[in-house]
>>> print(open('structure.csv').read())   # CSV, C-alpha atoms
chain,number,residue,atom,x,y,z
E,1,MET,CA,-222.5,-63.7,-87.6
E,2,ASP,CA,-225.0,-62.2,-85.0
E,3,TYR,CA,-228.3,-62.4,-87.0
E,4,GLU,CA,-230.3,-61.0,-84.1
E,5,ARG,CA,-228.1,-57.9,-84.0
E,6,ILE,CA,-228.6,-57.6,-87.8
E,7,ARG,CA,-232.3,-57.9,-87.4
E,8,THR,CA,-232.4,-55.2,-84.7
E,9,PHE,CA,-230.4,-52.9,-87.0
E,10,VAL,CA,-232.7,-53.5,-90.0
E,11,LYS,CA,-235.8,-53.0,-87.8
E,12,SER,CA,-234.5,-49.6,-86.8
E,13,TYR,CA,-235.1,-48.4,-90.4
E,14,ILE,CA,-238.7,-49.7,-90.6
E,15,LYS,CA,-241.2,-47.0,-91.5
E,16,ALA,CA,-243.4,-46.1,-88.5
E,17,ASP,CA,-247.2,-46.7,-88.5
E,18,SER,CA,-249.7,-43.8,-88.5
E,19,ASP,CA,-250.7,-42.8,-85.0
E,20,GLY,CA,-254.0,-44.7,-85.1
E,21,LEU,CA,-252.5,-47.9,-86.3
E,22,GLU,CA,-249.6,-47.7,-83.8
E,23,GLU,CA,-252.2,-47.4,-81.0
E,24,ILE,CA,-253.9,-50.6,-82.2
E,25,TYR,CA,-250.6,-52.4,-82.6
E,26,SER,CA,-249.2,-51.4,-79.2
E,27,SER,CA,-252.5,-52.4,-77.5
E,28,ALA,CA,-252.5,-55.8,-79.2
E,29,VAL,CA,-248.9,-56.5,-78.3
E,30,LYS,CA,-249.5,-55.6,-74.6
E,31,ARG,CA,-252.5,-57.9,-74.5
E,32,GLU,CA,-250.6,-60.7,-76.4
E,33,VAL,CA,-253.1,-60.6,-79.2
E,34,PRO,CA,-251.3,-62.0,-82.3
E,35,VAL,CA,-250.4,-59.3,-84.8
E,36,ILE,CA,-247.8,-59.4,-87.6
E,37,ARG,CA,-244.2,-58.5,-86.6
E,38,GLU,CA,-242.7,-55.2,-87.7
E,39,ASP,CA,-240.3,-56.6,-90.3
E,40,THR,CA,-243.2,-58.7,-91.7
E,41,ARG,CA,-245.3,-55.6,-92.0
E,42,ASP,CA,-242.5,-53.8,-93.8
E,43,TYR,CA,-242.2,-56.7,-96.3
E,44,LEU,CA,-245.9,-56.8,-96.7
E,45,ARG,CA,-245.9,-53.1,-97.6
E,46,LEU,CA,-243.3,-53.9,-100.3
E,47,LEU,CA,-245.3,-56.8,-101.8
E,48,LEU,CA,-248.5,-54.7,-101.9
E,49,ASN,CA,-246.8,-51.9,-103.7
E,50,GLN,CA,-245.3,-54.3,-106.2
E,51,THR,CA,-248.5,-56.3,-106.9
E,52,LYS,CA,-251.1,-53.6,-106.5
E,53,PRO,CA,-253.9,-56.0,-105.7
E,54,ARG,CA,-257.6,-55.1,-105.9
E,55,ASN,CA,-259.2,-58.0,-104.2
E,56,ILE,CA,-257.6,-59.3,-101.0
E,57,LEU,CA,-258.5,-62.2,-98.7
E,58,GLU,CA,-257.1,-62.3,-95.2
E,59,ILE,CA,-257.4,-65.4,-93.0
E,60,GLY,CA,-257.1,-64.4,-89.4
E,61,THR,CA,-258.4,-60.9,-88.6
E,62,ALA,CA,-257.6,-60.7,-84.8
E,63,VAL,CA,-258.3,-57.1,-83.9
E,64,GLY,CA,-258.1,-55.8,-87.5
E,65,TYR,CA,-254.6,-54.4,-87.4
E,66,SER,CA,-253.2,-56.1,-90.5
E,67,ALA,CA,-256.4,-55.5,-92.5
E,68,LEU,CA,-256.2,-51.8,-91.7
E,69,PHE,CA,-252.5,-51.7,-92.5
E,70,MET,CA,-253.1,-53.3,-95.9
E,71,ALA,CA,-256.0,-50.8,-96.5
E,72,GLU,CA,-253.8,-47.9,-95.6
E,73,VAL,CA,-251.1,-49.1,-98.1
E,74,LEU,CA,-253.7,-49.6,-100.9
E,75,ALA,CA,-255.3,-46.2,-100.3
E,76,GLU,CA,-251.8,-44.6,-100.6
E,77,ILE,CA,-251.1,-46.5,-103.8
E,78,CYS,CA,-254.4,-45.4,-105.3
E,79,LYS,CA,-253.6,-41.7,-104.7
E,80,GLY,CA,-251.4,-41.8,-107.7
E,81,TYR,CA,-254.3,-42.5,-110.0
E,82,ASP,CA,-256.6,-39.8,-111.6
E,83,THR,CA,-259.7,-41.9,-110.9
E,84,ASP,CA,-261.0,-43.8,-107.9
E,85,ILE,CA,-259.5,-47.3,-108.0
E,86,SER,CA,-261.7,-50.0,-106.5
E,87,TRP,CA,-260.1,-52.3,-104.0
E,88,HIS,CA,-261.6,-54.5,-101.3
E,89,ILE,CA,-260.5,-56.7,-98.4
E,90,ASP,CA,-262.3,-59.8,-97.1
E,91,THR,CA,-261.1,-61.0,-93.7
E,92,ILE,CA,-262.1,-64.0,-91.6
E,93,GLU,CA,-262.1,-64.2,-87.8
E,94,LEU,CA,-263.5,-67.0,-85.4
E,95,ASP,CA,-263.3,-65.2,-82.1
E,96,ASP,CA,-266.3,-62.9,-81.6
E,97,ILE,CA,-264.7,-60.6,-79.1
E,98,ARG,CA,-261.8,-59.9,-81.4
E,99,ALA,CA,-264.2,-59.6,-84.4
E,100,ASP,CA,-266.2,-57.0,-82.5
E,101,GLU,CA,-263.1,-55.0,-81.8
E,102,ALA,CA,-261.9,-55.3,-85.3
E,103,GLU,CA,-265.2,-54.0,-86.7
E,104,LYS,CA,-265.1,-51.1,-84.3
E,105,HIS,CA,-261.6,-50.3,-85.6
E,106,PHE,CA,-262.8,-50.5,-89.2
E,107,ARG,CA,-265.6,-48.0,-88.5
E,108,ASP,CA,-263.2,-45.7,-86.6
E,109,PHE,CA,-260.9,-45.6,-89.6
E,110,GLY,CA,-263.9,-45.2,-92.0
E,111,ARG,CA,-263.0,-48.5,-93.8
E,112,GLN,CA,-266.2,-50.4,-93.2
E,113,ASP,CA,-267.2,-50.1,-96.8
E,114,ARG,CA,-263.8,-51.4,-98.0
E,115,ILE,CA,-263.2,-54.2,-95.5
E,116,ARG,CA,-265.8,-57.0,-95.0
E,117,LEU,CA,-265.4,-59.2,-91.9
E,118,MET,CA,-266.7,-62.7,-92.1
E,119,ARG,CA,-267.2,-64.5,-88.7
E,120,GLY,CA,-266.7,-68.2,-88.2
E,121,ASP,CA,-264.1,-71.0,-88.5
E,122,ALA,CA,-262.0,-70.1,-91.5
E,123,ALA,CA,-262.1,-73.6,-93.0
E,124,VAL,CA,-265.9,-73.5,-92.9
E,125,VAL,CA,-266.2,-70.0,-94.2
E,126,LEU,CA,-263.7,-70.7,-97.0
E,127,ASN,CA,-265.7,-73.9,-98.0
E,128,SER,CA,-268.8,-71.8,-98.2
E,129,MET,CA,-267.1,-69.3,-100.4
E,130,VAL,CA,-265.9,-72.0,-102.7
E,131,LYS,CA,-269.4,-73.4,-103.0
E,132,ASN,CA,-270.7,-69.9,-103.7
E,133,LEU,CA,-268.2,-69.3,-106.4
E,134,GLU,CA,-269.2,-72.6,-107.9
E,135,GLY,CA,-272.8,-71.6,-107.8
E,136,THR,CA,-274.0,-74.2,-105.3
E,137,GLU,CA,-274.3,-71.9,-102.3
E,138,HIS,CA,-275.0,-68.2,-101.7
E,139,SER,CA,-273.8,-67.4,-98.2
E,140,PHE,CA,-271.1,-64.9,-99.2
E,141,LYS,CA,-270.6,-62.9,-102.4
E,142,THR,CA,-267.3,-64.2,-103.7
E,143,ASP,CA,-265.0,-63.0,-106.4
E,144,LYS,CA,-261.5,-64.3,-107.3
E,145,TYR,CA,-258.7,-62.9,-105.2
E,146,ASP,CA,-255.4,-61.6,-106.4
E,147,PHE,CA,-253.7,-61.5,-103.0
E,148,VAL,CA,-254.2,-63.7,-99.9
E,149,PHE,CA,-252.7,-63.2,-96.5
E,150,ILE,CA,-252.8,-66.3,-94.2
E,151,ASP,CA,-252.2,-65.7,-90.5
E,152,ALA,CA,-254.5,-68.0,-88.5
E,153,ALA,CA,-254.4,-71.5,-86.9
E,154,LYS,CA,-251.1,-72.9,-88.2
E,155,ALA,CA,-252.3,-76.5,-87.8
E,156,GLN,CA,-255.0,-75.7,-90.4
E,157,TYR,CA,-252.8,-74.1,-93.1
E,158,MET,CA,-253.0,-77.2,-95.4
E,159,ASN,CA,-256.8,-77.1,-95.1
E,160,TYR,CA,-256.9,-73.3,-95.9
E,161,LEU,CA,-254.6,-73.7,-98.9
E,162,LYS,CA,-256.9,-76.4,-100.4
E,163,HIS,CA,-259.8,-73.8,-100.4
E,164,VAL,CA,-257.7,-70.8,-101.3
E,165,MET,CA,-256.4,-72.4,-104.5
E,166,LYS,CA,-260.0,-72.5,-105.7
E,167,LEU,CA,-260.6,-68.8,-104.8
E,168,VAL,CA,-257.6,-67.2,-106.5
E,169,SER,CA,-256.8,-66.3,-110.1
E,170,ALA,CA,-253.5,-67.1,-111.9
E,171,GLY,CA,-250.9,-64.6,-111.0
E,172,ALA,CA,-252.2,-64.2,-107.5
E,173,VAL,CA,-249.8,-63.9,-104.5
E,174,ILE,CA,-250.3,-66.0,-101.4
E,175,VAL,CA,-248.4,-64.9,-98.3
E,176,THR,CA,-248.3,-67.2,-95.3
E,177,ASP,CA,-247.1,-65.9,-91.9
E,178,ASN,CA,-245.4,-67.7,-89.0
E,179,VAL,CA,-244.3,-70.7,-91.0
E,180,LEU,CA,-241.1,-71.1,-88.9
E,181,GLU,CA,-242.9,-71.1,-85.6
E,182,SER,CA,-240.1,-69.5,-83.6
E,183,GLY,CA,-237.6,-71.9,-85.1
E,184,LEU,CA,-239.7,-75.0,-84.1
E,185,VAL,CA,-239.9,-76.4,-87.6
E,186,LEU,CA,-236.1,-76.5,-87.8
E,187,GLU,CA,-236.0,-79.2,-85.1
E,188,SER,CA,-236.3,-83.0,-85.6
E,189,HIS,CA,-239.8,-84.4,-84.9
E,190,PHE,CA,-238.4,-86.3,-81.9
E,191,LEU,CA,-236.7,-83.2,-80.4
E,192,VAL,CA,-239.9,-81.3,-80.2
E,193,GLU,CA,-242.2,-81.4,-77.2
E,194,LYS,CA,-245.0,-83.8,-77.7
E,195,SER,CA,-247.6,-81.0,-77.3
E,196,ASP,CA,-246.0,-79.2,-80.3
E,197,ARG,CA,-245.4,-82.1,-82.6
E,198,THR,CA,-248.7,-81.8,-84.4
E,199,ILE,CA,-248.1,-78.2,-85.4
E,200,HIS,CA,-244.4,-79.0,-86.2
E,201,ASP,CA,-245.4,-81.8,-88.6
E,202,LYS,CA,-248.2,-79.9,-90.2
E,203,LEU,CA,-246.1,-76.9,-90.9
E,204,ARG,CA,-243.4,-79.0,-92.4
E,205,GLU,CA,-246.0,-80.7,-94.6
E,206,TYR,CA,-247.4,-77.3,-95.6
E,207,LEU,CA,-243.9,-76.0,-96.5
E,208,TYR,CA,-243.2,-79.1,-98.5
E,209,THR,CA,-246.5,-78.7,-100.4
E,210,LEU,CA,-245.9,-75.1,-101.2
E,211,LYS,CA,-242.4,-75.9,-102.6
E,212,ASN,CA,-243.5,-78.9,-104.6
E,213,ASP,CA,-247.0,-78.0,-105.9
E,214,GLU,CA,-246.4,-77.4,-109.7
E,215,ARG,CA,-249.1,-74.7,-109.6
E,216,LEU,CA,-247.0,-72.5,-107.3
E,217,GLU,CA,-243.6,-70.8,-107.2
E,218,THR,CA,-242.7,-70.3,-103.5
E,219,ALA,CA,-239.9,-68.7,-101.5
E,220,ILE,CA,-239.5,-69.3,-97.8
E,221,LEU,CA,-238.0,-66.3,-96.0
E,222,SER,CA,-236.7,-65.8,-92.5
E,223,ILE,CA,-238.6,-62.5,-92.0
E,224,GLY,CA,-240.4,-62.1,-88.7
E,225,ASP,CA,-241.4,-65.6,-87.6
E,226,GLY,CA,-241.0,-66.9,-91.1
E,227,VAL,CA,-242.9,-65.9,-94.3
E,228,ALA,CA,-243.8,-68.1,-97.3
E,229,VAL,CA,-244.5,-66.1,-100.5
E,230,SER,CA,-246.2,-68.1,-103.3
E,231,VAL,CA,-247.1,-67.0,-106.8
E,232,VAL,CA,-249.9,-68.9,-108.4
E,233,LYS,CA,-248.6,-69.9,-111.8
E,234,LYS,CA,-251.7,-71.8,-112.9
E,235,ILE,CA,-255.0,-73.0,-111.5
>>> encode(input="structure.csv", output="structure tokens")
Amino acid sequence: MDYERIRTFVKSYIKADSDGLEEIYSSAVKREVPVIREDTRDYLRLLLNQTKPRNILEIGTAVGYSALFMAEVLAEICKGYDTDISWHIDTIELDDIRADEAEKHFRDFGRQDRIRLMRGDAAVVLNSMVKNLEGTEHSFKTDKYDFVFIDAAKAQYMNYLKHVMKLVSAGAVIVTDNVLESGLVLESHFLVEKSDRTIHDKLREYLYTLKNDERLETAILSIGDGVAVSVVKKI
């Protein structure tokens, strides 16, 4: 069966972005800035409509595309309510140039009051958020999250998860992107280029942890570059 042909067919039915978001997306792709794939975006829209989260954490802002996409979906969901429904997105980015661009996009879309960008290494920022939640530090105002989207340095996914599990509530959904690394994780450790072995091994460890942590229920899906969806059963 030609799975690439099937994927192309399925992608032809994906709902198009709004003009503003499409411009950000196209520009990012041309500049090889990492952004979520179209079929991942489509699945993310479905998950957001199903879970209707109010407090989202994103790890890996890049130029702000995915945060703005999630904001657009949440705003559309809230149109069905009689009263204004509060929702908020916190997003973390290390690269200052990308962070500057993302903040400009948030202002251009009028989302600066709904999306907060935190700059710095994600592991460091997350650690500060955990300490703040525990009352030992006050760098960032932190509440429990009911939806987390992880799309940053893949070699650090295990480290991110350790902190994320302290920042979510039971019932929260954790979505991790790029877990198949263009098919790299399917290969034997010894068939992978030496330069890629660290990421290969860490992604395999991460997937094993997601599937075997008794606090989580996880499905690994071949959408985009691989997506892991975990529901937090208990903390």
>>> residues_around(input="structure.csv", residues="Asp96 of chain E", least_positions_apart="4", cutoff="12 Å", atoms="only C-alpha atoms", output="number ranges by chain")
E: 61-63, 92, 100-103, 117-121
>>> closest_residue(input="structure.csv", among="E:Ala75, E:Gly224, E:Lys131, E:Val231", to="Lys11 of chain E", atoms="all atoms listed in the file")
E:Gly224
>>> residues_around(input="structure.csv", residues="Tyr206 of chain E", least_positions_apart="2", cutoff="9 Å", atoms="only C-alpha atoms", output="number ranges by chain")
E: 157-158, 161, 179, 201-204, 208-211
>>> residues_near_point(input="structure.csv", point="(-245.5, -68.0, -98.3)", cutoff="10 Å", atoms="all atoms listed in the file", output="ChimeraX atom specification")
/E:148-150,173-179,206-207,210-211,217-221,226-231
>>> residues_around(input="structure.csv", residues="segment 12-19 of chain E", least_positions_apart="5", cutoff="8 Å", atoms="only C-alpha atoms", output="CSV table (one decimal) with C-alpha atoms, in the frame of the given file")
chain,number,residue,atom,x,y,z
E,38,GLU,CA,-242.7,-55.2,-87.7
E,39,ASP,CA,-240.3,-56.6,-90.3
E,42,ASP,CA,-242.5,-53.8,-93.8
>>> atom_distance(input="structure.csv", atom1="atom CA of Arg54 of chain E", atom2="atom CA of Gly110 of chain E")
18.2 Å
>>> closest_residue(input="structure.csv", among="E:Glu72, E:Glu23, E:Glu4, E:Asp225", to="Asp151 of chain E", atoms="only C-alpha atoms")
E:Asp225
>>> atom_distance(input="structure.csv", atom1="atom CA of Gln112 of chain E", atom2="atom CA of Ile56 of chain E")
14.6 Å
>>> axis_aligned_box(input="structure.csv", around="segment 127-133 of chain E", padding_each_side="3 Å", output="AutoDock Vina command-line options")
--center_x -268.2 --center_y -71.6 --center_z -102.2 --size_x 11.0 --size_y 10.6 --size_z 14.4
